[in-house]
>>> print(open('entry.cif').read())   # mmCIF, C-alpha atoms
data_work
loop_
_atom_site.group_PDB
_atom_site.id
_atom_site.type_symbol
_atom_site.label_atom_id
_atom_site.label_comp_id
_atom_site.auth_asym_id
_atom_site.auth_seq_id
_atom_site.Cartn_x
_atom_site.Cartn_y
_atom_site.Cartn_z
ATOM 1 C CA MET A 1 20.921 -46.150 -65.237
ATOM 2 C CA GLY A 2 23.061 -44.135 -67.659
ATOM 3 C CA ASP A 3 24.123 -41.672 -64.990
ATOM 4 C CA ARG A 4 25.125 -44.485 -62.637
ATOM 5 C CA ARG A 5 27.336 -45.981 -65.358
ATOM 6 C CA LEU A 6 29.033 -42.653 -65.935
ATOM 7 C CA VAL A 7 29.577 -42.077 -62.228
ATOM 8 C CA ALA A 8 31.057 -45.584 -61.915
ATOM 9 C CA ALA A 9 33.385 -44.918 -64.865
ATOM 10 C CA ILE A 10 34.489 -41.590 -63.372
ATOM 11 C CA ALA A 11 35.104 -43.216 -59.978
ATOM 12 C CA VAL A 12 37.208 -46.044 -61.476
ATOM 13 C CA ASN A 13 39.354 -43.604 -63.450
ATOM 14 C CA MET A 14 39.824 -41.270 -60.474
ATOM 15 C CA LEU A 15 40.865 -44.175 -58.221
ATOM 16 C CA LEU A 16 43.451 -45.272 -60.799
ATOM 17 C CA THR A 17 44.711 -41.702 -61.111
ATOM 18 C CA VAL A 18 45.190 -41.366 -57.336
ATOM 19 C CA ALA A 19 46.885 -44.793 -57.153
ATOM 20 C CA GLN A 20 49.277 -43.872 -59.980
ATOM 21 C CA VAL A 21 50.179 -40.541 -58.380
ATOM 22 C CA ILE A 22 50.887 -42.227 -55.029
ATOM 23 C CA GLY A 23 52.879 -44.961 -56.770
ATOM 24 C CA GLY A 24 54.830 -42.396 -58.769
ATOM 25 C CA ILE A 25 55.709 -40.359 -55.657
ATOM 26 C CA VAL A 26 56.735 -43.443 -53.661
ATOM 27 C CA SER A 27 58.794 -44.980 -56.472
ATOM 28 C CA GLY A 28 60.081 -41.685 -57.841
ATOM 29 C CA SER A 29 58.798 -42.588 -61.324
ATOM 30 C CA LEU A 30 57.863 -39.601 -63.472
ATOM 31 C CA ALA A 31 56.407 -42.020 -66.025
ATOM 32 C CA LEU A 32 53.764 -43.127 -63.533
ATOM 33 C CA ILE A 33 52.823 -39.544 -62.673
ATOM 34 C CA ALA A 34 52.652 -38.655 -66.379
ATOM 35 C CA ASP A 35 50.360 -41.638 -67.021
ATOM 36 C CA ALA A 36 48.231 -40.555 -64.045
ATOM 37 C CA LEU A 37 47.729 -37.143 -65.632
ATOM 38 C CA HIS A 38 46.870 -38.859 -68.912
ATOM 39 C CA ASN A 39 44.301 -41.022 -67.140
ATOM 40 C CA PHE A 40 42.908 -37.976 -65.354
ATOM 41 C CA SER A 41 41.979 -36.561 -68.774
ATOM 42 C CA ASP A 42 39.703 -39.596 -69.216
ATOM 43 C CA ALA A 43 37.974 -38.893 -65.920
ATOM 44 C CA ALA A 44 37.640 -35.219 -66.894
ATOM 45 C CA SER A 45 36.033 -36.042 -70.254
ATOM 46 C CA LEU A 46 33.562 -38.380 -68.541
ATOM 47 C CA LEU A 47 32.826 -35.745 -65.881
ATOM 48 C CA ILE A 48 32.090 -33.165 -68.602
ATOM 49 C CA ALA A 49 29.760 -35.654 -70.319
ATOM 50 C CA TRP A 50 27.960 -36.442 -67.051
ATOM 51 C CA MET A 51 27.494 -32.772 -66.138
ATOM 52 C CA ALA A 52 26.169 -32.021 -69.639
ATOM 53 C CA ARG A 53 23.581 -34.812 -69.315
ATOM 54 C CA ARG A 54 22.438 -33.367 -66.008
ATOM 55 C CA ILE A 55 22.187 -29.843 -67.395
ATOM 56 C CA GLY A 56 20.475 -31.072 -70.567
ATOM 57 C CA ARG A 57 17.546 -32.483 -68.583
ATOM 58 C CA GLN A 58 16.548 -29.111 -67.168
ATOM 59 C CA PRO A 59 13.210 -27.890 -68.541
ATOM 60 C CA ALA A 60 12.857 -24.829 -70.730
ATOM 61 C CA ASP A 61 12.604 -21.498 -68.915
ATOM 62 C CA ARG A 62 12.464 -17.804 -69.797
ATOM 63 C CA PHE A 63 16.230 -17.724 -70.320
ATOM 64 C CA LYS A 64 16.458 -20.872 -72.479
ATOM 65 C CA THR A 65 13.080 -21.250 -74.170
ATOM 66 C CA PHE A 66 14.209 -24.317 -76.144
ATOM 67 C CA GLY A 67 15.632 -25.957 -73.021
ATOM 68 C CA TYR A 68 19.202 -26.949 -72.157
ATOM 69 C CA LYS A 69 19.647 -30.044 -74.312
ATOM 70 C CA ARG A 70 22.416 -28.416 -76.362
ATOM 71 C CA ALA A 71 24.647 -28.563 -73.297
ATOM 72 C CA GLU A 72 25.446 -32.098 -74.466
ATOM 73 C CA VAL A 73 26.464 -30.832 -77.909
ATOM 74 C CA ILE A 74 28.751 -28.243 -76.289
ATOM 75 C CA ALA A 75 30.276 -30.967 -74.085
ATOM 76 C CA ALA A 76 30.916 -33.070 -77.195
ATOM 77 C CA LEU A 77 32.654 -30.097 -78.823
ATOM 78 C CA ILE A 78 34.904 -29.600 -75.767
ATOM 79 C CA ASN A 79 35.901 -33.271 -75.651
ATOM 80 C CA LEU A 80 36.478 -33.442 -79.415
ATOM 81 C CA VAL A 81 38.710 -30.362 -79.400
ATOM 82 C CA THR A 82 40.653 -32.003 -76.560
ATOM 83 C CA LEU A 83 40.968 -35.129 -78.713
ATOM 84 C CA VAL A 84 42.455 -33.090 -81.556
ATOM 85 C CA ILE A 85 45.013 -31.596 -79.155
ATOM 86 C CA VAL A 86 45.854 -35.104 -77.865
ATOM 87 C CA GLY A 87 46.256 -36.394 -81.432
ATOM 88 C CA LEU A 88 48.567 -33.553 -82.440
ATOM 89 C CA TYR A 89 50.594 -33.979 -79.252
ATOM 90 C CA LEU A 90 51.024 -37.699 -79.978
ATOM 91 C CA ILE A 91 52.349 -36.890 -83.445
ATOM 92 C CA TYR A 92 54.771 -34.383 -81.912
ATOM 93 C CA GLU A 93 55.972 -36.980 -79.409
ATOM 94 C CA ALA A 94 56.349 -39.653 -82.102
ATOM 95 C CA VAL A 95 58.367 -37.423 -84.417
ATOM 96 C CA TRP A 96 60.538 -36.206 -81.529
ATOM 97 C CA ARG A 97 61.381 -39.785 -80.537
ATOM 98 C CA VAL A 98 62.668 -40.485 -84.036
ATOM 99 C CA PHE A 99 65.539 -38.122 -83.270
ATOM 100 C CA GLU A 100 65.807 -38.860 -79.536
ATOM 101 C CA PRO A 101 64.678 -42.412 -78.668
ATOM 102 C CA GLN A 102 63.488 -42.752 -75.069
ATOM 103 C CA MET A 103 64.546 -45.570 -72.771
ATOM 104 C CA ILE A 104 61.780 -47.664 -71.257
ATOM 105 C CA GLU A 105 62.072 -47.710 -67.447
ATOM 106 C CA GLY A 106 61.691 -51.473 -67.067
ATOM 107 C CA TRP A 107 58.717 -53.796 -66.885
ATOM 108 C CA THR A 108 57.049 -51.654 -64.184
ATOM 109 C CA VAL A 109 55.864 -49.156 -66.796
ATOM 110 C CA VAL A 110 54.503 -51.990 -68.946
ATOM 111 C CA MET A 111 52.648 -53.454 -65.960
ATOM 112 C CA VAL A 112 51.140 -50.076 -65.078
ATOM 113 C CA ALA A 113 50.000 -49.706 -68.701
ATOM 114 C CA ALA A 114 48.332 -53.138 -68.418
ATOM 115 C CA ILE A 115 46.432 -52.012 -65.314
ATOM 116 C CA ALA A 116 45.415 -48.797 -67.075
ATOM 117 C CA LEU A 117 44.210 -50.871 -70.039
ATOM 118 C CA VAL A 118 41.946 -52.923 -67.753
ATOM 119 C CA VAL A 119 40.424 -49.708 -66.369
ATOM 120 C CA ASP A 120 39.996 -48.313 -69.898
ATOM 121 C CA VAL A 121 38.208 -51.491 -70.998
ATOM 122 C CA ILE A 122 35.878 -51.328 -67.971
ATOM 123 C CA THR A 123 35.118 -47.691 -68.769
ATOM 124 C CA ALA A 124 34.460 -48.530 -72.419
ATOM 125 C CA ILE A 125 32.036 -51.308 -71.432
ATOM 126 C CA LEU A 126 30.182 -48.913 -69.123
ATOM 127 C CA THR A 127 29.772 -46.229 -71.797
ATOM 128 C CA TYR A 128 29.574 -48.162 -75.101
ATOM 129 C CA THR A 129 25.783 -48.626 -75.208
ATOM 130 C CA MET A 130 25.166 -44.995 -74.269
ATOM 131 C CA SER A 131 27.594 -43.783 -76.947
ATOM 132 C CA LYS A 132 25.360 -45.177 -79.718
ATOM 133 C CA HIS A 133 22.632 -42.641 -79.019
ATOM 134 C CA SER A 134 24.505 -39.608 -77.701
ATOM 135 C CA MET A 135 27.097 -37.446 -79.417
ATOM 136 C CA ASN A 136 28.137 -36.250 -75.977
ATOM 137 C CA ILE A 137 28.886 -39.738 -74.620
ATOM 138 C CA ARG A 138 30.381 -40.820 -77.956
ATOM 139 C CA ALA A 139 33.036 -38.103 -77.709
ATOM 140 C CA ALA A 140 33.955 -39.223 -74.183
ATOM 141 C CA PHE A 141 33.929 -42.854 -75.339
ATOM 142 C CA VAL A 142 36.365 -42.130 -78.185
ATOM 143 C CA HIS A 143 38.557 -40.280 -75.675
ATOM 144 C CA ASN A 144 38.595 -43.434 -73.556
ATOM 145 C CA VAL A 145 39.291 -45.720 -76.531
ATOM 146 C CA SER A 146 42.264 -43.552 -77.502
ATOM 147 C CA ASP A 147 43.700 -44.032 -74.012
ATOM 148 C CA ALA A 148 43.094 -47.784 -74.227
ATOM 149 C CA LEU A 149 44.988 -47.861 -77.524
ATOM 150 C CA ALA A 150 47.784 -45.836 -75.940
ATOM 151 C CA SER A 151 48.018 -48.407 -73.134
ATOM 152 C CA ILE A 152 48.168 -51.228 -75.686
ATOM 153 C CA GLY A 153 50.867 -49.272 -77.514
ATOM 154 C CA VAL A 154 52.940 -48.985 -74.329
ATOM 155 C CA ILE A 155 52.559 -52.721 -73.628
ATOM 156 C CA VAL A 156 53.430 -53.858 -77.161
ATOM 157 C CA ALA A 157 56.147 -51.321 -77.936
ATOM 158 C CA GLY A 158 57.613 -51.486 -74.424
ATOM 159 C CA SER A 159 57.845 -55.265 -74.555
ATOM 160 C CA LEU A 160 59.450 -55.269 -78.011
ATOM 161 C CA ILE A 161 61.944 -52.602 -76.989
ATOM 162 C CA LEU A 162 62.889 -54.398 -73.788
ATOM 163 C CA LEU A 163 63.200 -57.772 -75.524
ATOM 164 C CA TYR A 164 64.644 -56.849 -78.929
ATOM 165 C CA GLY A 165 65.557 -53.157 -78.807
ATOM 166 C CA TRP A 166 63.014 -52.267 -81.528
ATOM 167 C CA TYR A 167 62.612 -48.581 -80.673
ATOM 168 C CA TRP A 168 60.869 -47.838 -83.973
ATOM 169 C CA THR A 169 57.752 -49.716 -82.774
ATOM 170 C CA ASP A 170 57.068 -46.997 -80.204
ATOM 171 C CA THR A 171 57.001 -44.309 -82.900
ATOM 172 C CA ALA A 172 54.979 -46.414 -85.336
ATOM 173 C CA LEU A 173 52.274 -47.324 -82.818
ATOM 174 C CA THR A 174 52.070 -43.753 -81.522
ATOM 175 C CA LEU A 175 51.494 -42.472 -85.075
ATOM 176 C CA LEU A 176 48.782 -45.101 -85.639
ATOM 177 C CA ILE A 177 47.003 -44.088 -82.436
ATOM 178 C CA ALA A 178 47.282 -40.395 -83.348
ATOM 179 C CA GLY A 179 45.804 -41.186 -86.769
ATOM 180 C CA TYR A 180 42.848 -42.971 -85.172
ATOM 181 C CA VAL A 181 42.204 -40.105 -82.740
ATOM 182 C CA LEU A 182 42.339 -37.431 -85.452
ATOM 183 C CA TYR A 183 40.191 -39.543 -87.798
ATOM 184 C CA GLN A 184 37.439 -39.899 -85.188
ATOM 185 C CA ALA A 185 37.604 -36.178 -84.376
ATOM 186 C CA ALA A 186 37.422 -35.323 -88.090
ATOM 187 C CA ILE A 187 34.230 -37.399 -88.404
ATOM 188 C CA MET A 188 32.476 -36.062 -85.315
ATOM 189 C CA LEU A 189 33.570 -32.410 -85.181
ATOM 190 C CA PRO A 190 31.774 -31.272 -88.372
ATOM 191 C CA LYS A 191 28.513 -32.858 -87.161
ATOM 192 C CA THR A 192 28.818 -31.157 -83.772
ATOM 193 C CA ILE A 193 29.572 -27.752 -85.275
ATOM 194 C CA HIS A 194 26.741 -28.251 -87.804
ATOM 195 C CA ILE A 195 24.204 -28.557 -84.964
ATOM 196 C CA LEU A 196 25.592 -25.535 -83.114
ATOM 197 C CA MET A 197 25.410 -23.530 -86.369
ATOM 198 C CA GLN A 198 21.698 -24.455 -86.635
ATOM 199 C CA GLY A 199 22.298 -26.521 -89.754
ATOM 200 C CA THR A 200 19.636 -28.671 -91.362
ATOM 201 C CA PRO A 201 19.610 -32.364 -90.390
ATOM 202 C CA GLU A 202 22.086 -34.149 -92.649
ATOM 203 C CA ASN A 203 19.741 -37.014 -93.514
ATOM 204 C CA ILE A 204 16.804 -34.797 -94.544
ATOM 205 C CA SER A 205 16.550 -32.657 -97.667
ATOM 206 C CA ILE A 206 14.867 -29.281 -97.197
ATOM 207 C CA GLU A 207 13.508 -29.613 -100.744
ATOM 208 C CA ALA A 208 11.809 -32.870 -99.723
ATOM 209 C CA VAL A 209 10.251 -31.119 -96.730
ATOM 210 C CA ILE A 210 8.886 -28.347 -98.942
ATOM 211 C CA ARG A 211 7.504 -30.847 -101.488
ATOM 212 C CA THR A 212 5.757 -32.790 -98.734
ATOM 213 C CA MET A 213 4.216 -29.619 -97.301
ATOM 214 C CA GLU A 214 3.042 -28.428 -100.726
ATOM 215 C CA SER A 215 1.420 -31.814 -101.365
ATOM 216 C CA VAL A 216 -1.050 -31.228 -98.513
ATOM 217 C CA ASP A 217 -4.531 -30.308 -99.779
ATOM 218 C CA GLY A 218 -5.157 -26.565 -99.678
ATOM 219 C CA VAL A 219 -1.488 -25.537 -99.709
ATOM 220 C CA VAL A 220 -0.558 -23.358 -102.687
ATOM 221 C CA ASN A 221 3.056 -22.562 -101.869
ATOM 222 C CA VAL A 222 5.627 -22.848 -99.066
ATOM 223 C CA HIS A 223 8.476 -20.349 -98.742
ATOM 224 C CA HIS A 224 10.721 -18.574 -96.218
ATOM 225 C CA VAL A 225 11.588 -21.983 -94.743
ATOM 226 C CA HIS A 226 14.011 -22.335 -91.827
ATOM 227 C CA PHE A 227 14.853 -25.902 -90.808
ATOM 228 C CA TRP A 228 17.364 -26.780 -88.074
ATOM 229 C CA GLN A 229 18.322 -29.203 -85.311
ATOM 230 C CA LEU A 230 17.532 -28.241 -81.745
ATOM 231 C CA ASP A 231 19.842 -31.037 -80.677
ATOM 232 C CA GLU A 232 21.017 -34.408 -81.903
ATOM 233 C CA HIS A 233 17.521 -35.940 -81.963
ATOM 234 C CA LYS A 234 15.029 -33.044 -82.225
ATOM 235 C CA ASN A 235 14.289 -31.023 -85.365
ATOM 236 C CA ALA A 236 12.480 -27.702 -85.698
ATOM 237 C CA LEU A 237 10.985 -25.765 -88.604
ATOM 238 C CA GLU A 238 9.411 -22.409 -89.356
ATOM 239 C CA ALA A 239 7.849 -21.471 -92.675
ATOM 240 C CA HIS A 240 5.381 -19.241 -94.501
ATOM 241 C CA VAL A 241 2.503 -21.229 -96.003
ATOM 242 C CA VAL A 242 0.327 -19.811 -98.784
ATOM 243 C CA ILE A 243 -3.202 -21.263 -98.823
ATOM 244 C CA GLY A 244 -6.249 -20.656 -100.968
ATOM 245 C CA ASP A 245 -8.771 -19.927 -98.231
ATOM 246 C CA PHE A 246 -8.206 -18.754 -94.659
ATOM 247 C CA SER A 247 -11.270 -20.680 -93.504
ATOM 248 C CA ASP A 248 -9.253 -23.886 -94.010
ATOM 249 C CA THR A 249 -6.332 -22.691 -91.888
ATOM 250 C CA GLU A 250 -6.837 -24.957 -88.871
ATOM 251 C CA ALA A 251 -7.422 -28.087 -90.923
ATOM 252 C CA ILE A 252 -4.376 -27.405 -93.107
ATOM 253 C CA LYS A 253 -2.203 -26.597 -90.079
ATOM 254 C CA THR A 254 -3.183 -29.858 -88.390
ATOM 255 C CA ALA A 255 -2.445 -31.829 -91.568
ATOM 256 C CA LEU A 256 0.908 -30.093 -92.080
ATOM 257 C CA LYS A 257 2.100 -30.690 -88.529
ATOM 258 C CA ALA A 258 1.049 -34.338 -88.726
ATOM 259 C CA GLU A 259 2.989 -34.850 -91.980
ATOM 260 C CA LEU A 260 6.077 -33.062 -90.661
ATOM 261 C CA GLU A 261 6.093 -35.232 -87.537
ATOM 262 C CA LYS A 262 5.398 -38.456 -89.436
ATOM 263 C CA GLN A 263 7.737 -37.985 -92.411
ATOM 264 C CA PHE A 264 10.643 -36.060 -90.881
ATOM 265 C CA GLY A 265 10.362 -36.255 -87.097
ATOM 266 C CA ILE A 266 9.846 -32.487 -86.813
ATOM 267 C CA GLY A 267 8.218 -32.079 -83.429
ATOM 268 C CA HIS A 268 8.434 -28.265 -83.272
ATOM 269 C CA SER A 269 7.041 -26.272 -86.190
ATOM 270 C CA THR A 270 5.961 -22.633 -86.439
ATOM 271 C CA LEU A 271 3.793 -21.882 -89.472
ATOM 272 C CA GLU A 272 2.709 -18.444 -90.696
ATOM 273 C CA PHE A 273 -0.238 -18.587 -93.092
ATOM 274 C CA GLU A 274 -0.852 -16.291 -96.043
ATOM 275 C CA THR A 275 -3.620 -16.303 -98.618
ATOM 276 C CA SER A 276 -3.165 -16.283 -102.372
ATOM 277 C CA ARG A 277 -6.370 -14.241 -102.789
ATOM 278 C CA CYS A 278 -5.312 -10.987 -101.204
ATOM 279 C CA GLY A 279 -5.232 -9.177 -104.549
ATOM 280 C CA LYS A 280 -1.951 -7.365 -103.812
ATOM 281 C CA ALA A 281 1.104 -7.406 -106.017
ATOM 282 C CA CYS A 282 3.285 -8.628 -103.121
ATOM 283 C CA CYS A 283 1.259 -11.841 -102.969
#
>>> encode(input="entry.cif", output="structure tokens")
Amino acid sequence: MGDRRLVAAIAVNMLLTVAQVIGGIVSGSLALIADALHNFSDAASLLIAWMARRIGRQPADRFKTFGYKRAEVIAALINLVTLVIVGLYLIYEAVWRVFEPQMIEGWTVVMVAAIALVVDVITAILTYTMSKHSMNIRAAFVHNVSDALASIGVIVAGSLILLYGWYWTDTALTLLIAGYVLYQAAIMLPKTIHILMQGTPENISIEAVIRTMESVDGVVNVHHVHFWQLDEHKNALEAHVVIGDFSDTEAIKTALKAELEKQFGIGHSTLEFETSRCGKACC
């Protein structure tokens, strides 16, 4: 179902892009061709998200023993970096127009922006539900929302300029849109990079994990703990566990894995057991 929604969103955006290019060539309007290229970036971000979902479903193999799920995190990073570039470009354009105001080429541009807005809204509806549970789709969704806001900006500012000559509205709305884009990127980029850097899940304290493990009967000490996110929804852990008696190893291991899964959603854990009765100084 999710893939069909993405494909539909890509198809709608590509059709609009082709229509705008044809319209721009026939009418000789560079504004239409420029908007077509802008809309194509939406289709590209959705295509990247769709391809990442497809790749992410591939099972683990001898080359990627944890699987390919992080392809979606990489896709999110690509789309978020693109968002930052778009935001900075919008600021550049807004500041430039303070010194050199641009003439609006009539109501045709406003009408095209209205059509683009309808397509952006359709795309947003198709991807909104999916964006709640996927960083990958969320990045593409924000990309689409930024374009929808840009279309609204063209409609509002273009109308005010044509009716009243208020050129400052174009700059003001562009800066607001750029601020929204950069704000969303600033929220999502650190989380994306955190996963790629094998950071600990932000909502789980590693100290709490250690305390929970040490509360299991038979566990003396837990150390050398590595705790990271395999992807947005899956956590992994490896640790050294000191126990009192090796004969209890299996029972303790079963209890530890059950607690880690129940309390912290850690589905993959690698535990190395040591005994506190070895009699060596290193213990």
>>> atom_distance(input="entry.cif", atom1="atom CA of A:Val145", atom2="atom CA of A:Leu162")
25.3 Å
>>> residues_around(input="entry.cif", residues="stretch 56-71 of chain A", least_positions_apart="2", cutoff="12 Å", atoms="only C-alpha atoms", output="VMD selection string")
chain A and resid 3 48 to 54 73 to 78 134 to 136 192 to 193 195 to 198 229 to 236 268
>>> residues_around(input="entry.cif", residues="A:Val219", least_positions_apart="2", cutoff="12 Å", atoms="only C-alpha atoms", output="ChimeraX atom specification")
/A:210-217,221-223,240-246,248-249,251-253,255-256,273-276
>>> resolve_selection(input="entry.cif", expression="the PyMOL selection byres ((chain A and resi 170) around 8)", output="list of chain:residue names")
A:Ala94, A:Gly153, A:Val154, A:Ala157, A:Gly158, A:Tyr167, A:Trp168, A:Thr169, A:Thr171, A:Ala172, A:Leu173, A:Thr174
>>> closest_residue(input="entry.cif", among="A:Leu80, A:Val98, A:Val156, A:Val7", to="A:Arg138", atoms="all atoms listed in the file")
A:Leu80
>>> closest_residue(input="entry.cif", among="A:Asn79, A:Asn13, A:Thr129, A:Asn203", to="A:Phe40", atoms="only C-alpha atoms")
A:Asn13
>>> resolve_selection(input="entry.cif", expression="the PyMOL selection byres ((chain A and resi 6) around 9)", output="list in words")
Met1, Gly2, Asp3, Arg4, Arg5, Val7, Ala8, Ala9, Ile10, Ala11, Leu46, Leu47, Ala49, Trp50, Thr123, Leu126 and Thr127 of chain A
>>> atom_distance(input="entry.cif", atom1="atom CA of A:Val119", atom2="atom CA of A:Ala185")
22.7 Å
>>> resolve_selection(input="entry.cif", expression="the PyMOL selection byres ((chain A and resi 186) around 12)", output="VMD selection string")
chain A and resid 77 80 to 81 83 to 84 87 139 179 to 185 187 to 193
>>> atom_distance(input="entry.cif", atom1="atom CA of A:Ala43", atom2="atom CA of A:Asp120")
10.4 Å
>>> residues_around(input="entry.cif", residues="stretch 237-239 of chain A", least_positions_apart="6", cutoff="8 Å", atoms="all atoms listed in the file", output="MDAnalysis selection string")
chainID A and resid 222:228 266 268:272
>>> write_last_selection(input="entry.cif", atoms="C-alpha atoms", output="tab-separated table (two decimals), in the coordinates of the input")
chain	number	residue	atom	x	y	z
A	222	VAL	CA	5.63	-22.85	-99.07
A	223	HIS	CA	8.48	-20.35	-98.74
A	224	HIS	CA	10.72	-18.57	-96.22
A	225	VAL	CA	11.59	-21.98	-94.74
A	226	HIS	CA	14.01	-22.34	-91.83
A	227	PHE	CA	14.85	-25.90	-90.81
A	228	TRP	CA	17.36	-26.78	-88.07
A	266	ILE	CA	9.85	-32.49	-86.81
A	268	HIS	CA	8.43	-28.26	-83.27
A	269	SER	CA	7.04	-26.27	-86.19
A	270	THR	CA	5.96	-22.63	-86.44
A	271	LEU	CA	3.79	-21.88	-89.47
A	272	GLU	CA	2.71	-18.44	-90.70
>>> build_atoms(input="entry.cif", residues="stretch 10-22 of chain A", atoms="N, CA and C atoms", output="CSV table (one decimal), in the coordinates of the input")
chain,number,residue,atom,x,y,z
A,10,ILE,N,33.7,-42.7,-63.9
A,10,ILE,CA,34.5,-41.6,-63.4
A,10,ILE,C,35.2,-42.0,-62.1
A,11,ALA,N,34.5,-42.8,-61.2
A,11,ALA,CA,35.1,-43.2,-60.0
A,11,ALA,C,36.3,-44.1,-60.2
A,12,VAL,N,36.1,-45.1,-61.2
A,12,VAL,CA,37.2,-46.0,-61.5
A,12,VAL,C,38.4,-45.3,-62.0
A,13,ASN,N,38.2,-44.3,-62.9
A,13,ASN,CA,39.4,-43.6,-63.4
A,13,ASN,C,40.0,-42.7,-62.4
A,14,MET,N,39.2,-42.1,-61.5
A,14,MET,CA,39.8,-41.3,-60.5
A,14,MET,C,40.6,-42.1,-59.5
A,15,LEU,N,40.1,-43.3,-59.1
A,15,LEU,CA,40.9,-44.2,-58.2
A,15,LEU,C,42.2,-44.6,-58.8
A,16,LEU,N,42.2,-44.9,-60.1
A,16,LEU,CA,43.5,-45.3,-60.8
A,16,LEU,C,44.4,-44.1,-60.8
A,17,THR,N,43.9,-42.9,-61.1
A,17,THR,CA,44.7,-41.7,-61.1
A,17,THR,C,45.4,-41.5,-59.8
A,18,VAL,N,44.6,-41.6,-58.7
A,18,VAL,CA,45.2,-41.4,-57.3
A,18,VAL,C,46.2,-42.4,-57.0
A,19,ALA,N,45.9,-43.7,-57.4
A,19,ALA,CA,46.9,-44.8,-57.2
A,19,ALA,C,48.2,-44.6,-57.9
A,20,GLN,N,48.1,-44.1,-59.2
A,20,GLN,CA,49.3,-43.9,-60.0
A,20,GLN,C,50.1,-42.7,-59.4
A,21,VAL,N,49.4,-41.7,-59.0
A,21,VAL,CA,50.2,-40.5,-58.4
A,21,VAL,C,50.9,-41.0,-57.1
A,22,ILE,N,50.2,-41.7,-56.3
A,22,ILE,CA,50.9,-42.2,-55.0
A,22,ILE,C,52.1,-43.1,-55.4
